[in-house]
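**Student:** The structure under discussion is supplied below as structure tokens; questions concerning it will follow.
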Amino acid sequence: MAVEPLTSPFRTRRQVVGEVLGFGLAAAAGSRARAQPAADADVDLELVLAVDASGSVSQQRFNLQKQGYVQAFQDARVIRAIASGLTQSIAVTMFQWTGPTASAEVIPWMKVADDVSARAVADAIAEVPRRIYGGGTSISGAIDQAMTLFGQGGFRGARSVIDISGDGANSSGRLVTTARDEAVAQGVVINGLPILSVEPDLDQHYLEEVIGGPGAFMIAIHDYDQFADAIVRKLIAEIS
């Protein structure tokens, strides 16, 4: 495949890239088992935010991740993206993850439909402490945990997306490709935000083994300081 000039911050599994960022196509085709017909959906998107809390993530880095999500749900561009959908609403939950069975749900399912509800999510994220530390890096475990959360909030989403951020490759638990493929087979899309400060080639791992499903993409960043801007762009793309 020829390498194309890239100007967008998104990358998918079907593109070869020379820089860190690129825009994506569908990574897989097929039916969306979890998707609801538009007439039956009460939110446009069920979004699970999976936040890395493994040993390589210092408290300062963890705080930068958290603050990035807070800023994102306060951003007018994200609110406009939500308002552009058919139901003009999404449902969001968040959990922290490390090893294969080490995770902690920190934000229950919440509906976001306007400035007030978006700020409620931002405030909830800002107030929650770090619940877990260390325990390895199991992206496959994070995917498995995320899959248990769909349908738990009482929402019916037209789309189901897992949003994984992290600074390390899958190093414990089962094969991440197995977890990814099982999730995609159930109609779930997995997008990624690899942070390259610890593992400079982590974007390739996410590109080839983590993200998956129709329209799956990733945004890679070099450092945690870039997290806030990246998560805004990522959420807008996921919502839209």
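Chain labels follow the order of the structure tokens: the first chain is A, the next B, and so on; residue numbering restarts at 1 in every chain, and ligands are counted from 1 in their shown order.
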Give the alpha helix (DSSP H) residues of segment 7-226 of chain A, as assigned by DSSP on the backbone, as a PyMOL selection string.
**Tutor:** chain A and resi 59-72+76-83+115-127+139-149+176-185+202-205
**Student:** Could you give me, as a VMD selection string, the residues within 12 Å of Asp201 of chain A, counting only C-alpha atoms and dropping anything in the same chain fewer than 2 positions from it?
**Tutor:** chain A and resid 18 to 20 167 to 169 194 to 199 203 to 208 220 to 222
**Student:** Could those residues be written to a file, using C-alpha atoms, as a PDB file, in the first residue's frame?
**Tutor:**
```
ATOM      1  CA  GLY A  18       4.832   7.943   8.456  1.00  0.00           C
ATOM      2  CA  GLU A  19       3.930  10.459  11.162  1.00  0.00           C
ATOM      3  CA  VAL A  20       1.974   9.924  14.336  1.00  0.00           C
ATOM      4  CA  ASP A 167       0.858   4.331  27.413  1.00  0.00           C
ATOM      5  CA  GLY A 168       1.788   0.652  27.150  1.00  0.00           C
ATOM      6  CA  ALA A 169       1.261  -2.408  24.980  1.00  0.00           C
ATOM      7  CA  PRO A 194      -1.963   5.649  22.571  1.00  0.00           C
ATOM      8  CA  ILE A 195       0.454   7.879  24.462  1.00  0.00           C
ATOM      9  CA  LEU A 196       3.971   7.416  23.110  1.00  0.00           C
ATOM     10  CA  SER A 197       6.008   8.837  26.009  1.00  0.00           C
ATOM     11  CA  VAL A 198       7.006   5.379  27.319  1.00  0.00           C
ATOM     12  CA  GLU A 199       6.806   3.202  24.189  1.00  0.00           C
ATOM     13  CA  ASP A 203       0.816   3.558  17.940  1.00  0.00           C
ATOM     14  CA  GLN A 204       1.692   0.621  15.696  1.00  0.00           C
ATOM     15  CA  HIS A 205       0.507  -1.838  18.369  1.00  0.00           C
ATOM     16  CA  TYR A 206      -2.803   0.002  18.647  1.00  0.00           C
ATOM     17  CA  LEU A 207      -3.123   0.245  14.884  1.00  0.00           C
ATOM     18  CA  GLU A 208      -2.527  -3.448  14.236  1.00  0.00           C
ATOM     19  CA  ALA A 220      -1.533   8.995  18.900  1.00  0.00           C
ATOM     20  CA  ILE A 221       0.168  11.654  21.011  1.00  0.00           C
ATOM     21  CA  HIS A 222       3.782  12.013  22.128  1.00  0.00           C
TER      22      HIS A 222
END
```
**Student:** Residues of segment 89-192 of chain A within 10 Å of segment 61-81 of chain A: nearest atom pair and distance (Å, one decimal) for each, counting only C-alpha atoms, sorted by chain and number, as CSV?
**Tutor:**
```
residue,atom,partner,partner_atom,distance
A:Ser89,CA,A:Ile79,CA,9.3
A:Val112,CA,A:Ile79,CA,8.6
A:Ala113,CA,A:Ile79,CA,7.9
A:Asp114,CA,A:Ile79,CA,6.5
A:Asp115,CA,A:Ile79,CA,6.7
A:Val116,CA,A:Gln74,CA,9.6
A:Ser117,CA,A:Phe73,CA,9.2
A:Ala118,CA,A:Phe73,CA,5.4
A:Arg119,CA,A:Gln74,CA,5.9
A:Ala120,CA,A:Phe73,CA,8.8
A:Val121,CA,A:Phe73,CA,6.9
A:Ala122,CA,A:Val70,CA,4.5
A:Asp123,CA,A:Val70,CA,7.1
A:Ala124,CA,A:Val70,CA,8.6
A:Ile125,CA,A:Val70,CA,6.2
A:Ala126,CA,A:Val70,CA,6.2
A:Glu127,CA,A:Lys66,CA,9.7
A:Val128,CA,A:Lys66,CA,9.0
A:Pro129,CA,A:Asn63,CA,9.3
A:Arg130,CA,A:Phe62,CA,7.9
A:Ser165,CA,A:Gln65,CA,8.7
A:Gly166,CA,A:Gln65,CA,9.5
```
**Student:** Which residues come within 10 Å of Trp109 of chain A, counting only C-alpha atoms, excluding same-chain residues fewer than 5 positions away, as a list in words?
**Tutor:**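 My list of contacting residues is Glu46, Leu47, Val48, Ala91, Val92, Thr93, Met94, Val121, Leu149, Phe150, Gly151, Gln152, Gly153, Gly154 and Phe155 of chain A.
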**Student:** In Å to one decimal, how far is atom CA of Pro100 of chain A from atom CA of Ala53 of chain A?
**Tutor:**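 Distance between the two atoms: 12.5 Å.
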**Student:** Tell me which protein, DNA and RNA residues are within 12 Å of Ile132 of chain A, counting only C-alpha atoms, leaving out same-chain ones fewer than 3 positions away, and put them as a PyMOL selection string.
**Tutor:** chain A and resi 51-55+57-59+62+95-99+101-106+128-129+135-136
**Student:** Take the residues from that selection and put them in a file with C-alpha atoms, as a compact mmCIF listing (two decimals), in the first residue's frame.
**Tutor:**
```
# COMPACT_ATOMS: atom_id res chain seq x y z
CA VAL A 51 -8.54 5.03 31.35
CA ASP A 52 -5.07 3.55 31.95
CA ALA A 53 -4.06 3.44 35.63
CA SER A 54 -1.16 0.97 35.28
CA GLY A 55 2.21 1.29 36.97
CA VAL A 57 1.18 6.06 34.75
CA SER A 58 2.43 8.38 37.47
CA GLN A 59 -0.07 10.37 39.51
CA PHE A 62 -3.05 10.22 35.58
CA PHE A 95 -13.57 2.96 34.31
CA GLN A 96 -9.90 2.75 35.28
CA TRP A 97 -7.94 -0.35 34.28
CA THR A 98 -4.61 -2.09 34.78
CA GLY A 99 -4.23 -5.90 34.86
CA THR A 101 -9.01 -8.45 36.21
CA ALA A 102 -8.05 -5.14 37.83
CA SER A 103 -10.52 -2.41 36.97
CA ALA A 104 -12.75 0.06 38.77
CA GLU A 105 -15.85 1.72 37.33
CA VAL A 106 -15.64 5.34 38.44
CA VAL A 128 -13.35 10.89 41.25
CA PRO A 129 -9.99 9.79 42.69
CA GLY A 135 -1.06 -4.44 38.25
CA GLY A 136 0.35 -4.75 34.74
```
**Student:** Would you return as a ChimeraX atom specification the members of segment 87-212 of chain A that DSSP assigns to strand (DSSP E or B) on this structure's backbone?
**Tutor:** /A:90-97,103-112,157,160-166,189-195,212
**Student:** For Ala179 of chain A, list every protein, DNA or RNA residue within 9 Å, evaluated using only C-alpha atoms, and leave out those in the same chain fewer than 4 positions away; present the list as an mmCIF file with C-alpha atoms, in the first residue's frame.
**Tutor:**
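Saved file around.cif follows:
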```
data_model
loop_
_atom_site.group_PDB
_atom_site.id
_atom_site.type_symbol
_atom_site.label_atom_id
_atom_site.label_comp_id
_atom_site.auth_asym_id
_atom_site.auth_seq_id
_atom_site.Cartn_x
_atom_site.Cartn_y
_atom_site.Cartn_z
ATOM 1 C CA ILE A 139 -5.651 -3.930 27.153
ATOM 2 C CA SER A 140 -7.458 -7.206 26.535
ATOM 3 C CA GLY A 141 -8.730 -7.088 30.120
ATOM 4 C CA ILE A 143 -11.829 -4.568 26.447
ATOM 5 C CA ASP A 144 -13.378 -7.498 28.304
ATOM 6 C CA ARG A 174 -5.168 -13.000 26.976
ATOM 7 C CA LEU A 175 -4.270 -11.896 23.470
ATOM 8 C CA ALA A 183 -15.960 -7.317 20.682
ATOM 9 C CA VAL A 184 -16.082 -6.381 17.008
ATOM 10 C CA VAL A 210 -6.169 -2.924 19.400
#
```
